[in-house]
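Undergrad: Below: one structure in structure tokens.
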Amino acid sequence: MGRQVVVQIVAGLAVALLVFASGETRAADNAAVKEKAEVCTGCHGENGISQTENIPSLAAEPDQFIQWQLVFFRSGARRNEQMQPIADQITNEDIRSLGAYFAALAPPPKTADDNPDLSQKGAQAAVGRRCASCHTDSYAGTKAVARLAGQREEYLVKALHDYKSGARSGGAGAAMADVAYPLSDEEIEALAHYLAHL
């Protein structure tokens, strides 16, 4: 066996060991991220699907959107009594890992629309306020823009009222305040109903 063949075999074994080791590292990393995400489960639900009123689902929210919200909570640009102690403890690496983790989860399942007339009014409000221009045509969000499709209805109502009143800031606060301010309470209810049932 020539020296070149031996070098190739050794190089091949080294690559195989690196791949195997990186696979083990990824599995360990995934376990560590899942453990970190368990803290979120108490409020945001199993697999990121909230069962709690006024607490948003995180499943399938865009990676960058989740990261930015965690940064806003940590910096104090967004305030929430439950989130603050958690956000104060997380590192930049945690933020990146949690963003990727929740973005990879399946979105909340579609629920039956119990008020199609209200949804139709909501769809008209969404067109009138050009919601799709940022949140995409499917309202699945993108990059640092939130997924709205399938989000909890009462949470969407709260978020729109918070943007309208100026209670919520950070990120696209100015753009969202501009969208939400002219909406009537009826339009907010309709819009939230429509988006929650997509």
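Starting from 1 in every chain, residues are counted up; chains themselves are A, B, ... following the order of the structure tokens, and ligands are numbered from 1 as listed.
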So which residues touch region 169-183 of chain A within 12 Å, counting only C-alpha atoms, skipping near sequence neighbours fewer than 3 positions away, as a VMD selection string?

TA: chain A and resid 64 to 80 122 125 to 135 144 to 146 156 to 166 186 to 192

Undergrad: Would you please work out which residue, of A:His197, A:Arg96, A:Arg152, A:Arg147, is nearest to Pro56 (chain A) when using only C-alpha atoms?

TA: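 The shortest atom-to-atom distance to Pro56 (chain A) comes from A:Arg152.
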
Undergrad: Identify which of the residues A:Gln151, A:Gln89, A:Thr142, A:Gln82 lies closest to Pro107 (chain A), counting only C-alpha atoms when measuring atom-to-atom distances.

TA: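 Going through A:Gln151, A:Gln89, A:Thr142, A:Gln82 one by one, the smallest distance to Pro107 (chain A) is for A:Gln151.
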
Undergrad: List the spatial neighbours of Ala59 (chain A) as a list in words - criterion: any atom at most 6 Å away, only C-alpha atoms, same-chain residues fewer than 3 positions off excluded.

TA: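 Everything that qualifies: Gly48, Ile49, Phe102, Leu105 and Pro107 of chain A.
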
Undergrad: Apply DSSP to the structure's backbone, then extract all residues of region 97-155 of chain A labelled helix (DSSP H, G or I) and return them as an NGL selection string.

TA: :A and (97-103 or 116-128 or 132-135 or 153-155)

Undergrad: For the residues in that selection, give me N, CA and C atoms as a PDB file, in the first residue's frame.

TA:
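Saved result, selection.pdb, follows:
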```pdb
ATOM      1  N   SER A  97     -30.407  30.449  19.576  1.00  0.00           N
ATOM      2  CA  SER A  97     -30.876  29.063  19.624  1.00  0.00           C
ATOM      3  C   SER A  97     -32.390  28.984  19.763  1.00  0.00           C
ATOM      4  N   LEU A  98     -32.967  29.804  20.627  1.00  0.00           N
ATOM      5  CA  LEU A  98     -34.420  29.788  20.831  1.00  0.00           C
ATOM      6  C   LEU A  98     -35.160  30.266  19.582  1.00  0.00           C
ATOM      7  N   GLY A  99     -34.601  31.256  18.900  1.00  0.00           N
ATOM      8  CA  GLY A  99     -35.208  31.719  17.652  1.00  0.00           C
ATOM      9  C   GLY A  99     -35.292  30.600  16.633  1.00  0.00           C
ATOM     10  N   ALA A 100     -34.182  29.885  16.456  1.00  0.00           N
ATOM     11  CA  ALA A 100     -34.149  28.779  15.492  1.00  0.00           C
ATOM     12  C   ALA A 100     -35.066  27.638  15.937  1.00  0.00           C
ATOM     13  N   TYR A 101     -35.090  27.361  17.229  1.00  0.00           N
ATOM     14  CA  TYR A 101     -35.896  26.259  17.763  1.00  0.00           C
ATOM     15  C   TYR A 101     -37.390  26.486  17.493  1.00  0.00           C
ATOM     16  N   PHE A 102     -37.903  27.639  17.887  1.00  0.00           N
ATOM     17  CA  PHE A 102     -39.339  27.889  17.724  1.00  0.00           C
ATOM     18  C   PHE A 102     -39.722  28.065  16.247  1.00  0.00           C
ATOM     19  N   ALA A 103     -38.830  28.640  15.464  1.00  0.00           N
ATOM     20  CA  ALA A 103     -39.119  28.820  14.034  1.00  0.00           C
ATOM     21  C   ALA A 103     -39.283  27.473  13.328  1.00  0.00           C
ATOM     22  N   PRO A 116     -67.702  33.425   9.857  1.00  0.00           N
ATOM     23  CA  PRO A 116     -67.132  33.798   8.555  1.00  0.00           C
ATOM     24  C   PRO A 116     -67.410  35.250   8.161  1.00  0.00           C
ATOM     25  N   ASP A 117     -68.556  35.799   8.585  1.00  0.00           N
ATOM     26  CA  ASP A 117     -68.859  37.199   8.255  1.00  0.00           C
ATOM     27  C   ASP A 117     -67.836  38.138   8.899  1.00  0.00           C
ATOM     28  N   LEU A 118     -67.473  37.845  10.150  1.00  0.00           N
ATOM     29  CA  LEU A 118     -66.469  38.659  10.836  1.00  0.00           C
ATOM     30  C   LEU A 118     -65.108  38.515  10.158  1.00  0.00           C
ATOM     31  N   SER A 119     -64.793  37.297   9.729  1.00  0.00           N
ATOM     32  CA  SER A 119     -63.537  37.067   9.005  1.00  0.00           C
ATOM     33  C   SER A 119     -63.497  37.851   7.699  1.00  0.00           C
ATOM     34  N   GLN A 120     -64.635  37.932   7.009  1.00  0.00           N
ATOM     35  CA  GLN A 120     -64.687  38.688   5.759  1.00  0.00           C
ATOM     36  C   GLN A 120     -64.393  40.166   6.020  1.00  0.00           C
ATOM     37  N   LYS A 121     -64.951  40.708   7.097  1.00  0.00           N
ATOM     38  CA  LYS A 121     -64.652  42.096   7.463  1.00  0.00           C
ATOM     39  C   LYS A 121     -63.184  42.258   7.824  1.00  0.00           C
ATOM     40  N   GLY A 122     -62.638  41.248   8.504  1.00  0.00           N
ATOM     41  CA  GLY A 122     -61.221  41.277   8.863  1.00  0.00           C
ATOM     42  C   GLY A 122     -60.321  41.226   7.635  1.00  0.00           C
ATOM     43  N   ALA A 123     -60.709  40.416   6.660  1.00  0.00           N
ATOM     44  CA  ALA A 123     -59.929  40.327   5.420  1.00  0.00           C
ATOM     45  C   ALA A 123     -59.925  41.672   4.704  1.00  0.00           C
ATOM     46  N   GLN A 124     -61.072  42.362   4.708  1.00  0.00           N
ATOM     47  CA  GLN A 124     -61.146  43.699   4.091  1.00  0.00           C
ATOM     48  C   GLN A 124     -60.250  44.687   4.839  1.00  0.00           C
ATOM     49  N   ALA A 125     -60.258  44.607   6.180  1.00  0.00           N
ATOM     50  CA  ALA A 125     -59.401  45.491   6.982  1.00  0.00           C
ATOM     51  C   ALA A 125     -57.923  45.205   6.695  1.00  0.00           C
ATOM     52  N   ALA A 126     -57.576  43.910   6.532  1.00  0.00           N
ATOM     53  CA  ALA A 126     -56.188  43.530   6.239  1.00  0.00           C
ATOM     54  C   ALA A 126     -55.739  44.097   4.901  1.00  0.00           C
ATOM     55  N   VAL A 127     -56.624  44.057   3.917  1.00  0.00           N
ATOM     56  CA  VAL A 127     -56.299  44.634   2.595  1.00  0.00           C
ATOM     57  C   VAL A 127     -56.181  46.150   2.718  1.00  0.00           C
ATOM     58  N   GLY A 128     -57.124  46.764   3.416  1.00  0.00           N
ATOM     59  CA  GLY A 128     -57.126  48.221   3.571  1.00  0.00           C
ATOM     60  C   GLY A 128     -55.899  48.747   4.286  1.00  0.00           C
ATOM     61  N   ALA A 132     -50.436  42.482   4.359  1.00  0.00           N
ATOM     62  CA  ALA A 132     -49.636  41.498   3.620  1.00  0.00           C
ATOM     63  C   ALA A 132     -48.327  42.083   3.114  1.00  0.00           C
ATOM     64  N   SER A 133     -48.236  43.400   2.992  1.00  0.00           N
ATOM     65  CA  SER A 133     -47.005  43.986   2.467  1.00  0.00           C
ATOM     66  C   SER A 133     -45.813  43.735   3.395  1.00  0.00           C
ATOM     67  N   CYS A 134     -46.065  43.543   4.674  1.00  0.00           N
ATOM     68  CA  CYS A 134     -44.988  43.186   5.607  1.00  0.00           C
ATOM     69  C   CYS A 134     -45.074  41.725   6.061  1.00  0.00           C
ATOM     70  N   HIS A 135     -46.282  41.268   6.355  1.00  0.00           N
ATOM     71  CA  HIS A 135     -46.461  39.942   6.966  1.00  0.00           C
ATOM     72  C   HIS A 135     -46.573  38.818   5.942  1.00  0.00           C
ATOM     73  N   GLU A 153     -56.414  34.654  18.975  1.00  0.00           N
ATOM     74  CA  GLU A 153     -57.250  35.796  18.595  1.00  0.00           C
ATOM     75  C   GLU A 153     -57.189  36.927  19.615  1.00  0.00           C
ATOM     76  N   GLU A 154     -57.374  36.599  20.892  1.00  0.00           N
ATOM     77  CA  GLU A 154     -57.401  37.666  21.899  1.00  0.00           C
ATOM     78  C   GLU A 154     -56.026  38.310  22.056  1.00  0.00           C
ATOM     79  N   TYR A 155     -54.961  37.546  21.757  1.00  0.00           N
ATOM     80  CA  TYR A 155     -53.623  38.137  21.799  1.00  0.00           C
ATOM     81  C   TYR A 155     -53.448  39.150  20.665  1.00  0.00           C
TER      82      TYR A 155
END
```
